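Everything on this sheet refers to the single structure shown next.
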Amino acid sequence: MKEIPAIELRQVSKHYNGTAALTDLTLSLEAGKIYGLLGRNGAGKTTLLSLLTTLRFPSQGTIRIFGEDPSENEGVLNRMILIREQGQFPEDLTVNKILRSAAAFYPNFDLAYGASLLQRFELNEKKRFKKLSRGMQSAVGIVVGLASRAEITLLDEPSLGLDAVARQQFYDLLLEDYSDHPRTIIFSTHLIDEVSRLFESVILLEKGTVTRMAEVEDLRSHALYLTGSEQALAPWLAGREVLHQESFGSTRVAAVYNGFTKEDRQAMQAVGIDISSIPLQQLFLYLSRKTLTERKDDQGVKEVPSHDVS
């Protein structure tokens with residue numbers, strides 16, 4: 001018997017005053033995986049997460065969570081949680097009351113675990129939310145998101161307010177609790193290098209459409225930098241998806257997305273071609289630029305500095 005997807009969208013579109021935020025989006029996400037949701041500002045990431053939790057409704061198409069329509073469906077909605085960087089909780093509530101309110105709604109909420117997380121992030125449970133710093137407000141959202149142990153956990157830039165040490169602590173806690181309590185997690189972020197180790201699959205959104213969805217290990221194994229002379233590289237680039245190329249004197253560097261066999265790699269190394277992996281954030285930038293360029297003129301990728309990360 002085929003397993004019901006945790007999340008399924010069929011030809012979902014969302015328009016705001018005639019402007020498309022999402023267009024004919026079709027996705028099927030299985031349960032018990034961590035997905036990275038990647039895309040530039042305005043790609044539609046926040047709109048997608050809002051549609052899944054019925055904060056907004058699609059202009060057309062269908063959304064199913066565990067095979068059910070989530071609209072006005074408390075049995076589905078209390079199995080999901082969306083944690084955003086801002087505007088998450090009533091400002092006059094204390095941290096303790098925020099946790100207890102969440103515990104009353106989410107059936108898997110672990111108050112004891114939530115209390116331990118408050119200590120880990122040095123949060124005063126008696127303080128009102130509005131009195132907390134931006135970083136502490138982000139930490140409250142993270143505590144609620146982890147302690148809820150919702151079967152679908154949606155994270156929309158949840159850690160932007162935290163410093164680097166607190167962000168790393170969050171990533172470690174997320175992996176630790178996910179290992180003990182598997183769930184479906186969609187993590188939308190711009191801090192790709194920091195969190196890439198968390199992702200099992202990535203979804204790349206551009207201009208409201210999914211341009212690529214793949215397992216992270218597949219992306220890493222298929223995306224390579226090839227460095228060598230132009231003459232040595234030429235036969236290995238023919239017919240392959242070249243994301244970027246640039247030259248440094250007589251040396252050429254090409255970012256290539258395509259599978260090479262073990263024998264291919266040995267043959268390339270034999271003619272002096274150096275092979276290295278492309279970091280996920282850099283790969284995301286190449287794929288994004290490739291998509292935008294193809295939409296403009298369908299003639300390949302513009303040359304850009306290979307280490308321009310924004």
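Residues in the structure tokens are numbered from 1 in each chain, the chains being A, B, ... in the order shown, and ligands are numbered from 1 in the order shown.
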Spatial neighbours of Arg128 of chain A, max dist 9 Å, only C-alpha atoms, sep filter under 6 positions, as a PyMOL selection string: chain A and resi 91-96
Go ahead and write the residues just picked, N, CA, C and O atoms, as a compact mmCIF listing (two decimals), in the first residue's frame.
# COMPACT_ATOMS: atom_id res chain seq x y z
N GLU A 91 2.28 39.89 22.50
CA GLU A 91 3.38 40.57 23.18
C GLU A 91 3.23 40.64 24.69
O GLU A 91 4.22 40.71 25.42
N ASP A 92 1.99 40.63 25.20
CA ASP A 92 1.78 40.78 26.64
C ASP A 92 1.87 39.46 27.41
O ASP A 92 1.84 39.47 28.64
N LEU A 93 1.97 38.35 26.72
CA LEU A 93 2.08 37.07 27.42
C LEU A 93 3.50 36.87 27.93
O LEU A 93 4.48 37.27 27.31
N THR A 94 3.61 36.22 29.10
CA THR A 94 4.93 35.83 29.59
C THR A 94 5.41 34.61 28.81
O THR A 94 4.64 33.92 28.15
N VAL A 95 6.69 34.35 28.92
CA VAL A 95 7.26 33.19 28.23
C VAL A 95 6.60 31.91 28.72
O VAL A 95 6.26 31.02 27.92
N ASN A 96 6.37 31.82 30.02
CA ASN A 96 5.73 30.62 30.58
C ASN A 96 4.33 30.42 30.02
O ASN A 96 3.95 29.30 29.66
Strand (DSSP E or B) residues, from DSSP on the backbone, in segment 98-285 of chain A, as number ranges by chain: A: 128, 152-156, 184-188, 201-206, 209-215, 223-229, 241-248, 251-257, 274-277
Near-Leu237 of chain A list (9 Å; only C-alpha atoms; drop same-chain fewer than 4 positions) as number ranges by chain: A: 233, 241-242, 254, 256
Resulting file, chosen residues, C-alpha atoms, as a PDB file, in the first residue's frame:
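again23.pdb, freshly written:
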ATOM      1  CA  LEU A 233      38.292  20.294 -19.852  1.00  0.00           C
ATOM      2  CA  GLU A 241      25.047  21.098 -17.476  1.00  0.00           C
ATOM      3  CA  VAL A 242      27.699  23.784 -16.969  1.00  0.00           C
ATOM      4  CA  ALA A 254      33.999  25.027 -14.473  1.00  0.00           C
ATOM      5  CA  VAL A 256      29.345  21.286 -13.579  1.00  0.00           C
TER       6      VAL A 256
END
Residues flagged alpha helix (DSSP H) by DSSP in segment 64-304 of chain A, as a ChimeraX atom specification: /A:74-77,95-105,111-120,134-148,164-180,192-195,216-222,230-237,262-270,280-297
Surrounding residues of Leu123 of chain A excluding itself and chain neighbours under 2 positions, 9 Å, only C-alpha atoms, as an MDAnalysis selection string: chainID A and resid 95 117:121 125:127 132 136 139:140
Of the listed residues A:Pro5, A:Gly208, A:Pro235, A:Gly75, that which approaches Ala21 of chain A most closely, counting only C-alpha atoms: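 Distance minimum relative to Ala21 of chain A lands on A:Gly208.
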